[in-house]
Structures are given as structure tokens and as C-alpha cells.
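Below is start13.cif, holding mmCIF, C-alpha atoms.
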data_target
loop_
_atom_site.group_PDB
_atom_site.id
_atom_site.type_symbol
_atom_site.label_atom_id
_atom_site.label_comp_id
_atom_site.auth_asym_id
_atom_site.auth_seq_id
_atom_site.Cartn_x
_atom_site.Cartn_y
_atom_site.Cartn_z
ATOM 1 C CA MET W 1419 0.000 0.000 0.000
ATOM 2 C CA ILE W 1420 1.093 3.566 -0.602
ATOM 3 C CA LYS W 1421 2.007 5.254 2.691
ATOM 4 C CA LEU W 1422 3.067 8.581 1.219
ATOM 5 C CA PHE W 1423 3.361 10.143 -2.206
ATOM 6 C CA ARG W 1424 5.676 13.154 -2.118
ATOM 7 C CA VAL W 1425 7.071 15.878 -4.349
ATOM 8 C CA ASP W 1426 10.572 16.927 -3.368
ATOM 9 C CA HIS W 1427 12.993 18.554 -5.798
ATOM 10 C CA ARG W 1428 15.888 17.064 -3.842
ATOM 11 C CA LEU W 1429 14.332 13.571 -4.194
ATOM 12 C CA LEU W 1430 15.837 11.335 -1.503
ATOM 13 C CA HIS W 1431 17.907 13.150 1.091
ATOM 14 C CA GLY W 1432 18.368 13.018 4.861
ATOM 15 C CA GLN W 1433 15.123 14.763 5.738
ATOM 16 C CA VAL W 1434 13.086 12.387 3.621
ATOM 17 C CA ALA W 1435 15.116 9.295 4.272
ATOM 18 C CA PHE W 1436 15.293 9.564 8.033
ATOM 19 C CA SER W 1437 12.295 11.435 9.333
ATOM 20 C CA TRP W 1438 9.633 10.373 6.844
ATOM 21 C CA THR W 1439 10.656 6.753 6.498
ATOM 22 C CA SER W 1440 10.697 6.214 10.241
ATOM 23 C CA ALA W 1441 7.490 8.182 10.852
ATOM 24 C CA LEU W 1442 5.670 6.207 8.158
ATOM 25 C CA GLY W 1443 7.170 2.845 8.995
ATOM 26 C CA ALA W 1444 7.858 2.526 5.259
ATOM 27 C CA ASP W 1445 9.800 -0.534 4.090
ATOM 28 C CA CYS W 1446 10.263 0.475 0.456
ATOM 29 C CA ILE W 1447 11.069 3.764 -1.235
ATOM 30 C CA LEU W 1448 10.302 4.288 -4.921
ATOM 31 C CA ILE W 1449 12.041 7.143 -6.702
ATOM 32 C CA ALA W 1450 10.071 7.829 -9.879
ATOM 33 C CA ASN W 1451 12.230 10.004 -12.094
ATOM 34 C CA ASP W 1452 13.317 9.922 -15.737
ATOM 35 C CA ALA W 1453 16.588 11.861 -15.424
ATOM 36 C CA VAL W 1454 18.004 9.899 -12.468
ATOM 37 C CA MET W 1455 17.443 6.595 -14.286
ATOM 38 C CA LYS W 1456 19.870 7.770 -16.960
ATOM 39 C CA ASP W 1457 22.395 9.318 -14.578
ATOM 40 C CA ASP W 1458 24.528 6.682 -12.849
ATOM 41 C CA LEU W 1459 26.370 9.176 -10.701
ATOM 42 C CA ARG W 1460 23.197 10.724 -9.343
ATOM 43 C CA LYS W 1461 21.625 7.298 -8.909
ATOM 44 C CA THR W 1462 24.583 6.104 -6.862
ATOM 45 C CA SER W 1463 24.574 9.228 -4.747
ATOM 46 C CA ILE W 1464 20.877 8.771 -3.972
ATOM 47 C CA LYS W 1465 21.635 5.259 -2.753
ATOM 48 C CA LEU W 1466 23.854 6.808 -0.070
ATOM 49 C CA ALA W 1467 20.719 8.247 1.524
ATOM 50 C CA LYS W 1468 18.984 4.896 1.805
ATOM 51 C CA PRO W 1469 18.135 4.085 5.427
ATOM 52 C CA ALA W 1470 19.179 0.646 6.706
ATOM 53 C CA GLY W 1471 16.573 -2.073 6.307
ATOM 54 C CA VAL W 1472 14.602 -0.266 3.608
ATOM 55 C CA LYS W 1473 14.396 -1.290 -0.031
ATOM 56 C CA LEU W 1474 15.140 1.451 -2.567
ATOM 57 C CA VAL W 1475 13.804 1.164 -6.110
ATOM 58 C CA ILE W 1476 14.549 3.751 -8.797
ATOM 59 C CA LYS W 1477 12.427 3.726 -11.961
ATOM 60 C CA ASN W 1478 11.464 6.163 -14.678
ATOM 61 C CA VAL W 1479 7.958 7.610 -14.405
ATOM 62 C CA ASP W 1480 6.339 5.281 -16.977
ATOM 63 C CA ASP W 1481 7.836 2.147 -15.439
ATOM 64 C CA SER W 1482 6.789 3.364 -11.996
ATOM 65 C CA ILE W 1483 3.189 3.706 -13.139
ATOM 66 C CA GLN W 1484 3.328 0.241 -14.622
ATOM 67 C CA ALA W 1485 4.813 -1.271 -11.457
ATOM 68 C CA ILE W 1486 2.206 0.341 -9.199
ATOM 69 C CA ASN W 1487 -0.677 -0.726 -11.427
ATOM 70 C CA SER W 1488 0.642 -4.281 -11.822
ATOM 71 C CA GLY W 1489 0.259 -4.951 -8.103
ATOM 72 C CA VAL W 1490 3.939 -5.831 -7.405
ATOM 73 C CA THR W 1491 4.159 -2.926 -4.979
ATOM 74 C CA ASP W 1492 1.051 -3.894 -2.982
ATOM 75 C CA LYS W 1493 2.946 -5.919 -0.387
ATOM 76 C CA TYR W 1494 5.182 -2.993 0.549
ATOM 77 C CA LYS W 1495 4.580 -0.052 2.815
ATOM 78 C CA LEU W 1496 5.544 2.138 -0.071
ATOM 79 C CA PHE W 1497 6.901 5.657 0.019
ATOM 80 C CA ILE W 1498 7.005 7.284 -3.427
ATOM 81 C CA VAL W 1499 9.080 10.374 -4.158
ATOM 82 C CA VAL W 1500 8.961 12.417 -7.366
ATOM 83 C CA GLU W 1501 10.907 15.531 -8.274
ATOM 84 C CA SER W 1502 8.221 17.750 -9.750
ATOM 85 C CA ILE W 1503 4.522 18.514 -9.644
ATOM 86 C CA ALA W 1504 4.326 17.516 -13.320
ATOM 87 C CA ASP W 1505 5.638 14.012 -12.503
ATOM 88 C CA ALA W 1506 3.263 13.793 -9.536
ATOM 89 C CA TYR W 1507 0.385 14.778 -11.796
ATOM 90 C CA LYS W 1508 1.305 12.101 -14.332
ATOM 91 C CA LEU W 1509 1.500 9.390 -11.666
ATOM 92 C CA ALA W 1510 -1.709 10.469 -9.965
ATOM 93 C CA GLU W 1511 -3.558 10.584 -13.287
ATOM 94 C CA ASN W 1512 -2.480 7.062 -14.163
ATOM 95 C CA CYS W 1513 -2.576 5.261 -10.805
ATOM 96 C CA SER W 1514 -5.978 5.026 -9.169
ATOM 97 C CA GLN W 1515 -4.324 3.865 -5.933
ATOM 98 C CA ILE W 1516 -2.993 7.356 -5.330
ATOM 99 C CA LYS W 1517 -5.394 9.194 -3.037
ATOM 100 C CA SER W 1518 -3.181 11.856 -1.546
ATOM 101 C CA LEU W 1519 -0.156 13.966 -2.331
ATOM 102 C CA ASN W 1520 2.421 15.560 -0.038
ATOM 103 C CA LEU W 1521 4.217 18.648 -1.309
ATOM 104 C CA GLY W 1522 7.595 18.723 0.411
ATOM 105 C CA GLY W 1523 9.683 21.115 -1.647
ATOM 106 C CA THR W 1524 9.799 22.736 -5.068
ATOM 107 C CA LYS W 1525 12.508 25.248 -5.966
ATOM 108 C CA PRO W 1526 11.813 28.847 -6.888
ATOM 109 C CA ARG W 1527 12.161 29.141 -10.684
ATOM 110 C CA GLU W 1528 11.346 31.730 -13.334
ATOM 111 C CA GLY W 1529 7.632 32.453 -13.150
ATOM 112 C CA THR W 1530 7.003 30.699 -9.835
ATOM 113 C CA ARG W 1531 5.045 32.035 -6.892
ATOM 114 C CA ASN W 1532 5.897 31.113 -3.298
ATOM 115 C CA VAL W 1533 2.795 29.584 -1.730
ATOM 116 C CA SER W 1534 4.361 28.232 1.454
ATOM 117 C CA LYS W 1535 7.821 27.958 3.028
ATOM 118 C CA ALA W 1536 9.447 25.548 0.564
ATOM 119 C CA ILE W 1537 6.777 25.372 -2.134
ATOM 120 C CA ASN W 1538 7.070 27.470 -5.283
ATOM 121 C CA VAL W 1539 4.690 26.884 -8.178
ATOM 122 C CA THR W 1540 4.180 28.069 -11.734
ATOM 123 C CA LYS W 1541 0.714 28.869 -13.113
ATOM 124 C CA GLU W 1542 0.705 25.488 -14.892
ATOM 125 C CA GLU W 1543 1.641 23.650 -11.708
ATOM 126 C CA GLU W 1544 -1.112 25.427 -9.802
ATOM 127 C CA GLN W 1545 -3.540 24.291 -12.460
ATOM 128 C CA MET W 1546 -2.349 20.674 -12.107
ATOM 129 C CA ILE W 1547 -2.746 20.798 -8.333
ATOM 130 C CA LYS W 1548 -6.235 22.223 -8.747
ATOM 131 C CA GLU W 1549 -7.173 19.395 -11.092
ATOM 132 C CA LEU W 1550 -5.869 16.793 -8.652
ATOM 133 C CA ILE W 1551 -7.860 18.373 -5.825
ATOM 134 C CA ASP W 1552 -10.962 18.369 -8.042
ATOM 135 C CA LYS W 1553 -10.410 14.666 -8.676
ATOM 136 C CA GLY W 1554 -10.658 14.084 -4.933
ATOM 137 C CA ILE W 1555 -6.960 13.784 -4.128
ATOM 138 C CA ASP W 1556 -5.940 15.290 -0.799
ATOM 139 C CA VAL W 1557 -3.018 17.619 -1.382
ATOM 140 C CA GLU W 1558 -1.053 18.809 1.650
ATOM 141 C CA ILE W 1559 2.055 20.895 2.160
ATOM 142 C CA ARG W 1560 4.395 19.521 4.809
ATOM 143 C CA MET W 1561 8.176 19.289 4.855
ATOM 144 C CA VAL W 1562 8.756 16.977 7.817
ATOM 145 C CA PRO W 1563 6.310 14.678 9.631
ATOM 146 C CA ASN W 1564 6.040 16.832 12.727
ATOM 147 C CA ASP W 1565 5.249 20.048 10.890
ATOM 148 C CA THR W 1566 1.647 21.133 10.745
ATOM 149 C CA SER W 1567 0.033 19.964 7.540
ATOM 150 C CA ILE W 1568 -1.273 22.774 5.333
ATOM 151 C CA ASP W 1569 -4.179 21.949 3.040
ATOM 152 C CA ALA W 1570 -3.080 23.006 -0.463
ATOM 153 C CA LYS W 1571 -6.650 24.171 -1.153
ATOM 154 C CA THR W 1572 -6.067 27.110 1.140
ATOM 155 C CA VAL W 1573 -3.033 28.464 -0.727
ATOM 156 C CA ILE W 1574 -3.588 27.501 -4.372
ATOM 157 C CA GLU W 1575 -5.386 30.048 -6.529
ATOM 158 C CA MET R 171 9.173 10.992 28.472
ATOM 159 C CA CYS R 172 12.894 11.551 28.805
ATOM 160 C CA ARG R 173 15.310 14.470 28.914
ATOM 161 C CA ILE R 174 17.741 14.822 26.022
ATOM 162 C CA ILE R 175 20.777 17.075 26.470
ATOM 163 C CA PHE R 176 23.367 17.978 23.835
ATOM 164 C CA ALA R 177 26.590 19.093 25.542
ATOM 165 C CA SER R 178 29.654 20.579 23.895
ATOM 166 C CA HIS R 179 32.637 22.861 23.988
ATOM 167 C CA GLY R 180 31.303 26.098 22.503
ATOM 168 C CA ASN R 181 28.277 26.306 20.244
ATOM 169 C CA LEU R 182 28.281 22.838 18.646
ATOM 170 C CA SER R 183 25.400 21.707 20.857
ATOM 171 C CA LYS R 184 23.224 24.656 19.855
ATOM 172 C CA GLY R 185 24.098 24.180 16.196
ATOM 173 C CA MET R 186 23.365 20.462 16.484
ATOM 174 C CA LYS R 187 19.914 21.232 17.865
ATOM 175 C CA ASN R 188 19.340 23.663 15.006
ATOM 176 C CA SER R 189 20.313 20.999 12.439
ATOM 177 C CA VAL R 190 18.156 18.336 14.102
ATOM 178 C CA ASN R 191 15.258 20.786 14.000
ATOM 179 C CA MET R 192 15.672 21.162 10.248
ATOM 180 C CA LEU R 193 15.281 17.400 9.842
ATOM 181 C CA ALA R 194 12.943 16.437 12.652
ATOM 182 C CA GLY R 195 10.849 19.562 13.103
ATOM 183 C CA SER R 196 9.195 20.184 16.433
ATOM 184 C CA LEU R 197 10.351 16.842 17.857
ATOM 185 C CA SER R 198 13.606 18.640 18.638
ATOM 186 C CA ASP R 199 11.919 21.295 20.783
ATOM 187 C CA LYS R 200 12.470 19.371 23.996
ATOM 188 C CA VAL R 201 16.240 19.044 23.475
ATOM 189 C CA GLU R 202 18.299 20.986 26.023
ATOM 190 C CA THR R 203 21.769 22.241 25.180
ATOM 191 C CA TYR R 204 24.838 22.937 27.232
ATOM 192 C CA SER R 205 27.735 24.981 25.907
ATOM 193 C CA LEU R 206 30.976 25.317 27.787
ATOM 194 C CA TYR R 207 32.705 28.641 27.146
ATOM 195 C CA PRO R 208 36.284 29.728 27.922
ATOM 196 C CA GLY R 209 36.777 30.439 31.589
ATOM 197 C CA GLU R 210 33.811 28.318 32.693
ATOM 198 C CA SER R 211 33.844 24.968 34.444
ATOM 199 C CA PRO R 212 31.523 22.120 33.420
ATOM 200 C CA ASN R 213 31.386 21.305 37.102
ATOM 201 C CA ASP R 214 28.776 24.040 37.656
ATOM 202 C CA TYR R 215 26.442 22.408 35.166
ATOM 203 C CA TYR R 216 27.218 18.992 36.634
ATOM 204 C CA GLN R 217 26.243 20.203 40.100
ATOM 205 C CA LYS R 218 23.016 21.685 38.743
ATOM 206 C CA LEU R 219 22.037 18.404 37.056
ATOM 207 C CA LEU R 220 23.103 16.403 40.088
ATOM 208 C CA LYS R 221 20.526 18.331 42.115
ATOM 209 C CA GLU R 222 17.755 18.191 39.495
ATOM 210 C CA ILE R 223 17.901 14.649 38.157
ATOM 211 C CA PRO R 224 17.098 12.719 41.368
ATOM 212 C CA ASN R 225 13.766 14.593 41.552
ATOM 213 C CA SER R 226 12.424 12.600 38.613
ATOM 214 C CA ASP R 227 12.708 9.037 37.408
ATOM 215 C CA GLU R 228 12.654 9.937 33.710
ATOM 216 C CA GLN R 229 15.688 8.868 31.702
ATOM 217 C CA VAL R 230 18.300 11.548 31.031
ATOM 218 C CA ILE R 231 20.263 11.080 27.801
ATOM 219 C CA ILE R 232 23.365 13.243 27.509
ATOM 220 C CA LEU R 233 25.222 13.474 24.200
ATOM 221 C CA CYS R 234 28.726 14.892 24.583
ATOM 222 C CA ASP R 235 30.859 16.202 21.753
ATOM 223 C CA ILE R 236 34.192 14.442 22.348
ATOM 224 C CA LYS R 237 35.238 11.458 24.411
ATOM 225 C CA GLY R 238 37.573 12.469 27.206
ATOM 226 C CA GLY R 239 36.924 16.199 26.911
ATOM 227 C CA SER R 240 36.106 18.043 30.119
ATOM 228 C CA VAL R 241 32.410 18.177 29.244
ATOM 229 C CA HIS R 242 32.366 14.407 28.837
ATOM 230 C CA THR R 243 34.550 13.495 31.793
ATOM 231 C CA THR R 244 32.556 15.763 34.101
ATOM 232 C CA LEU R 245 29.065 14.817 32.944
ATOM 233 C CA ALA R 246 30.025 11.111 32.789
ATOM 234 C CA GLN R 247 30.021 11.198 36.585
ATOM 235 C CA LEU R 248 26.235 11.613 36.439
ATOM 236 C CA THR R 249 26.006 7.944 35.460
ATOM 237 C CA GLN R 250 26.315 7.256 39.186
ATOM 238 C CA LEU R 251 22.549 7.895 38.937
ATOM 239 C CA ASN R 252 20.611 4.955 37.524
ATOM 240 C CA ASN R 253 18.522 6.914 35.049
ATOM 241 C CA VAL R 254 21.377 8.730 33.279
ATOM 242 C CA ILE R 255 23.181 7.584 30.135
ATOM 243 C CA VAL R 256 26.073 9.526 28.653
ATOM 244 C CA LEU R 257 27.207 9.163 25.036
ATOM 245 C CA SER R 258 30.266 10.704 23.405
ATOM 246 C CA GLY R 259 31.179 11.431 19.794
ATOM 247 C CA MET R 260 27.884 13.170 19.139
ATOM 248 C CA ASN R 261 27.120 13.408 15.441
ATOM 249 C CA LEU R 262 24.017 14.413 13.533
ATOM 250 C CA GLY R 263 23.072 10.825 12.763
ATOM 251 C CA MET R 264 23.230 9.866 16.429
ATOM 252 C CA ALA R 265 21.382 12.996 17.555
ATOM 253 C CA LEU R 266 18.663 12.493 14.968
ATOM 254 C CA ASP R 267 18.246 8.816 15.789
ATOM 255 C CA ILE R 268 17.705 9.647 19.438
ATOM 256 C CA VAL R 269 15.295 12.515 18.810
ATOM 257 C CA LEU R 270 13.250 10.592 16.229
ATOM 258 C CA ARG R 271 13.134 7.200 17.879
ATOM 259 C CA TYR R 272 13.595 7.623 21.572
ATOM 260 C CA GLN R 273 11.271 10.321 22.851
ATOM 261 C CA GLU R 274 10.330 7.845 25.595
ATOM 262 C CA GLY R 275 13.913 6.948 26.485
ATOM 263 C CA ILE R 276 16.366 4.346 25.179
ATOM 264 C CA PRO R 277 15.805 0.765 26.361
ATOM 265 C CA SER R 278 19.102 -0.882 27.286
ATOM 266 C CA GLU R 279 18.686 -3.589 24.619
ATOM 267 C CA ASP R 280 18.929 -0.850 21.965
ATOM 268 C CA TYR R 281 22.254 0.611 23.144
ATOM 269 C CA GLU R 282 24.436 -1.476 20.808
ATOM 270 C CA GLU R 283 22.237 -0.892 17.769
ATOM 271 C CA LEU R 284 22.244 2.844 18.427
ATOM 272 C CA LEU R 285 26.043 2.900 18.615
ATOM 273 C CA ASP R 286 26.371 0.740 15.497
ATOM 274 C CA SER R 287 24.135 2.970 13.415
ATOM 275 C CA SER R 288 25.901 6.098 14.689
ATOM 276 C CA ARG R 289 29.239 4.584 13.663
ATOM 277 C CA GLU R 290 27.872 3.491 10.291
ATOM 278 C CA GLY R 291 27.299 7.144 9.489
ATOM 279 C CA ILE R 292 31.048 7.680 9.379
ATOM 280 C CA THR R 293 32.281 6.817 5.907
ATOM 281 C CA LEU R 294 34.985 7.767 3.423
ATOM 282 C CA LEU R 295 34.304 7.849 -0.291
ATOM 283 C CA THR R 296 36.691 8.180 -3.178
ATOM 284 C CA ASN R 297 35.446 6.739 -6.438
ATOM 285 C CA LEU R 298 31.700 6.539 -6.427
ATOM 286 C CA VAL R 299 30.862 3.103 -7.806
ATOM 287 C CA SER R 300 27.347 2.107 -8.690
ATOM 288 C CA GLU R 301 25.792 -0.696 -6.665
ATOM 289 C CA THR R 302 23.317 -3.037 -8.294
ATOM 290 C CA ASP R 303 19.820 -1.651 -8.707
ATOM 291 C CA GLU R 304 17.009 -3.068 -6.615
ATOM 292 C CA ASP R 305 13.604 -3.950 -8.039
ATOM 293 C CA PHE R 306 10.258 -4.900 -6.495
#
Represent the supplied structure as C-alpha cells.
Amino acid sequence: MIKLFRVDHRLLHGQVAFSWTSALGADCILIANDAVMKDDLRKTSIKLAKPAGVKLVIKNVDDSIQAINSGVTDKYKLFIVVESIADAYKLAENCSQIKSLNLGGTKPREGTRNVSKAINVTKEEEQMIKELIDKGIDVEIRMVPNDTSIDAKTVIE
Amino acid sequence: MCRIIFASHGNLSKGMKNSVNMLAGSLSDKVETYSLYPGESPNDYYQKLLKEIPNSDEQVIILCDIKGGSVHTTLAQLTQLNNVIVLSGMNLGMALDIVLRYQEGIPSEDYEELLDSSREGITLLTNLVSETDEDF
């Protein structure tokens, strides 16, 4: 089952690996990202952040969708991390198992608006979040487990 | 509940709490810090704790910066009290482990595992070599 589905531009790093994995009791982390799959150096460096006793699977976005829908991930307490809202949107659109989304961090870029501490979104990304909310997906903003969860509805225009 | 104290020469303990806060959020709020500054004696802090600790049976976990430093050697004497444990070689991995996992205190059967995982955080890398990929 999916314990958490998160957007974090840093993908897997200490904050995610340690605090979220232990708070969720996750036993498997899936990194769904096209660029990392092709970048051995980055892939290897992400493996350094893997907590002991947890399985780490890295797949491109399409293969991740396929794996989730095939049922092979059902037996895991799965923690999925994607890099961008666009990737999250694609996964959520194609996997009916996804019922909620955690926004952990997106970098400020050209044309982005800061909606909360570490969340910066473009107009297009705001639109995607709105569509996910309309589909009935709970979207929250929360960096670490003990922070107060902010309902994205309250900050997205 | 337990008391968690980071103790160091200078500001390391305060900085450590700040870094733990970045990773663990409000769970770090309860952490106390002790900084020894030039001209001070850790004995004053030791005496203060020696008076306070016996008033409660909660576990007191003290993380000291360096083994054998005056902070460590002084505060180590608090282990004469049954509910005090003193660790040395504080690092962020160790501090985070304790704050995330042991808000209720550390059971003695976990001591070795805690030390092992703190030590495992110390590594040296030269040529990054890819490990085999895992799959479901």
C-alpha cells in the first residue's frame, strides 16, 4: 500500500530518508524520475541516503506507473518520491491507488510564486494541483512529519 | 518521556539542535543544550544536574561532543545515577536517531544498535561506484 506520495525537488535526502521513512514505517522507497534513471552518478549518490533495512527502487515515471498498477508494490509499505509537480500529476492521473499527495519542496524558478515555506509553483503547476484536488486527491504541504500539515486548497489560486 | 541534552565545547550543541530541527521539526523542541565557554567549568552544570535529576525518574540522555573532553569526563560522573546515560562522539546521525526514535527513552537492549548505526554514518568515499539496482 502507498504510505506517502511526495514531491521533493531534492528527491531522496536526509530529511526524507530519516524522518519520513521512520514516521511512516515505510519498508520500500520508490524514486520515480526519468533523469536519475539515466544518470549513474546521481543514482549512486541517492543510494547513499537509503536508510538501513529499507528497499530502494529507482524507476522512470512510466515504469513506476506500470509497477504500481501491476500490483507488485502492494505488499510494501511504499513511500514514493517524485521531483516535480508535473511528474506527480502524471503518476496520480495514471494510478488510481494514489489518493493523496504531499508537497515537500519545489525550488523557486522563473515564473514561480511562493505559496508556502518551501513550495514554489508556476501557473501550470497550480492548475495541475487544482485538477488533482478536483479529482478528490488530498493535497497537503508539509516538509517533515512533525510540521503542521497545510491543506493546499487554502493556498492555491 | 525523557530528557535529552546535547553538551559541547562552545556552540556545537546549539548548532546540532538547530540541524536536528531542520530534519525532525518540532520533535527537537524538547532538546536541552549545554555549551561550555572559555573560563567556565563544566562542574557548575554537573552540580546543577546532580541536584535536578534525582527529583524525577525519567531517563536523562546526555550526548557529549568528544570522548575524554572536560564536558564528557565531568558529565560522565552523572552515570552514578541509575537513570542517566552519557554518550560521546555526538554526530548528527546519532542525535537524529535519538530525537526521532527515543522520545520515551532508550531501552538498554537498543544501546548497541544505536552505537552501530551512529558509527555506520562515518564513511569515506573516493570513487563513487554504482551498486546493483534493486527492483520490487
Show which residues sit within 12 Å of W:Gly1554, as a compact mmCIF listing (two decimals) with C-alpha atoms, in the coordinates of the input. Count all atoms listed in the file, and ignore same-chain residues fewer than 2 positions away.
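Writing the result to selection11.txt gives the following:
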# COMPACT_ATOMS: atom_id res chain seq x y z
CA ALA W 1510 -1.71 10.47 -9.96
CA GLU W 1511 -3.56 10.58 -13.29
CA SER W 1514 -5.98 5.03 -9.17
CA ILE W 1516 -2.99 7.36 -5.33
CA LYS W 1517 -5.39 9.19 -3.04
CA SER W 1518 -3.18 11.86 -1.55
CA LEU W 1519 -0.16 13.97 -2.33
CA ILE W 1547 -2.75 20.80 -8.33
CA LYS W 1548 -6.24 22.22 -8.75
CA GLU W 1549 -7.17 19.40 -11.09
CA LEU W 1550 -5.87 16.79 -8.65
CA ILE W 1551 -7.86 18.37 -5.82
CA ASP W 1552 -10.96 18.37 -8.04
CA ASP W 1556 -5.94 15.29 -0.80
CA VAL W 1557 -3.02 17.62 -1.38
CA LYS W 1571 -6.65 24.17 -1.15
Legend entry - Of the listed residues R:Leu219, R:Val201, R:Ile174, R:Cys234, that which approaches R:Met260 most closely, counting all atoms listed in the file: R:Cys234
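Shortest separation to W:Lys1525 among W:Ile1555, W:Ala1441, W:Leu1429, W:Met1455 occurs at residue W:Leu1429, atoms counted being all atoms listed in the file.
Residue nearest chain R within the list W:Val1475, W:Leu1496, W:Met1419, W:Met1546: W:Val1475 [criterion: smallest interatomic distance, only C-alpha atoms].
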Legend entry - Residues of chain W within 7 Å of chain R, counting all atoms listed in the file, as a ChimeraX atom specification: /W:1433,1437,1458,1462,1474-1475,1490-1491,1562,1564-1565
Legend entry - Answer key for the PyMOL selection byres ((chain R and resi 204) around 8), residues as a count of residues only: 10
Legend entry - Selection as a list of chain:residue names: residues within 12 Å of (7.6, 36.9, -12.3), counting all atoms listed in the file: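 Here is the list of nearby residues: W:Pro1526, W:Arg1527, W:Glu1528, W:Gly1529, W:Thr1530, W:Arg1531, W:Asn1532, W:Asn1538, W:Val1539, W:Thr1540, W:Lys1541.
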Filtering to C-alpha atoms, could you give me those residues as a CSV table (one decimal), in the coordinates of the input?
chain,number,residue,atom,x,y,z
W,1526,PRO,CA,11.8,28.8,-6.9
W,1527,ARG,CA,12.2,29.1,-10.7
W,1528,GLU,CA,11.3,31.7,-13.3
W,1529,GLY,CA,7.6,32.5,-13.2
W,1530,THR,CA,7.0,30.7,-9.8
W,1531,ARG,CA,5.0,32.0,-6.9
W,1532,ASN,CA,5.9,31.1,-3.3
W,1538,ASN,CA,7.1,27.5,-5.3
W,1539,VAL,CA,4.7,26.9,-8.2
W,1540,THR,CA,4.2,28.1,-11.7
W,1541,LYS,CA,0.7,28.9,-13.1
Inset, instruction - Carefully work through the PyMOL selection byres ((chain W and resi 1506) around 12) for this structure and note down the residues it includes, as an MDAnalysis selection string. - result: chainID W and resid 1422:1427 1449:1451 1479:1480 1482:1483 1498:1505 1507:1513 1516:1522 1524 1543 1546:1547 1549:1550 1555 1557
Inset, instruction - Would you mind reading off the distance between atom CA of R:Tyr272 and atom CA of R:His242, one decimal, in Å? - result: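 Interatomic distance, atom CA of R:Tyr272 to atom CA of R:His242: 21.2 Å.
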Inset, instruction - Record the distance separating atom CA of W:Ala1444 and atom CA of R:Met171, expressed in Å with one decimal. - result: 24.7 Å
Applied to the shown file, which residues does the PyMOL selection byres ((chain R and resi 241) around 10) return, written as a tab-separated table (two decimals) with C-alpha atoms, in the coordinates of the input?
chain	number	residue	atom	x	y	z
R	177	ALA	CA	26.59	19.09	25.54
R	178	SER	CA	29.65	20.58	23.90
R	179	HIS	CA	32.64	22.86	23.99
R	204	TYR	CA	24.84	22.94	27.23
R	205	SER	CA	27.74	24.98	25.91
R	206	LEU	CA	30.98	25.32	27.79
R	211	SER	CA	33.84	24.97	34.44
R	212	PRO	CA	31.52	22.12	33.42
R	213	ASN	CA	31.39	21.30	37.10
R	215	TYR	CA	26.44	22.41	35.17
R	216	TYR	CA	27.22	18.99	36.63
R	233	LEU	CA	25.22	13.47	24.20
R	234	CYS	CA	28.73	14.89	24.58
R	235	ASP	CA	30.86	16.20	21.75
R	236	ILE	CA	34.19	14.44	22.35
R	237	LYS	CA	35.24	11.46	24.41
R	238	GLY	CA	37.57	12.47	27.21
R	239	GLY	CA	36.92	16.20	26.91
R	240	SER	CA	36.11	18.04	30.12
R	242	HIS	CA	32.37	14.41	28.84
R	243	THR	CA	34.55	13.50	31.79
R	244	THR	CA	32.56	15.76	34.10
R	245	LEU	CA	29.06	14.82	32.94
R	246	ALA	CA	30.02	11.11	32.79
R	258	SER	CA	30.27	10.70	23.40
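Computed from the coordinates, the atom CA of W:Ile1464 to atom CA of W:Leu1448 distance equals 11.5 Å.
For the residues R:Leu284, R:Lys221, R:Thr293, R:Lys200, ranking by smallest atom-to-atom distance to W:Leu1466 using all atoms listed in the file places R:Thr293 first.
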Give, as AutoDock Vina command-line options, the centre coordinates and the x, y and z edge lengths in Å to one decimal for an axis-aligned box around all listed atoms of stretch 183-197 of chain R, padded by 8 Å on each side.
--center_x 17.3 --center_y 20.5 --center_z 15.3 --size_x 32.2 --size_y 24.2 --size_z 27.0
Inset, instruction - Could you tell me which of R:Val230, R:Leu285, R:Leu248, R:Cys172 comes closest to R:Asn261 if we count only C-alpha atoms? - result: R:Leu285
Inset, instruction - Go through W:Gly1523, W:Ala1453, W:Thr1439, W:Asp1492 one by one, measure the shortest atom-to-atom distance of each to W:Ile1476 using only C-alpha atoms, and give the residue with the smallest value. - result: W:Ala1453
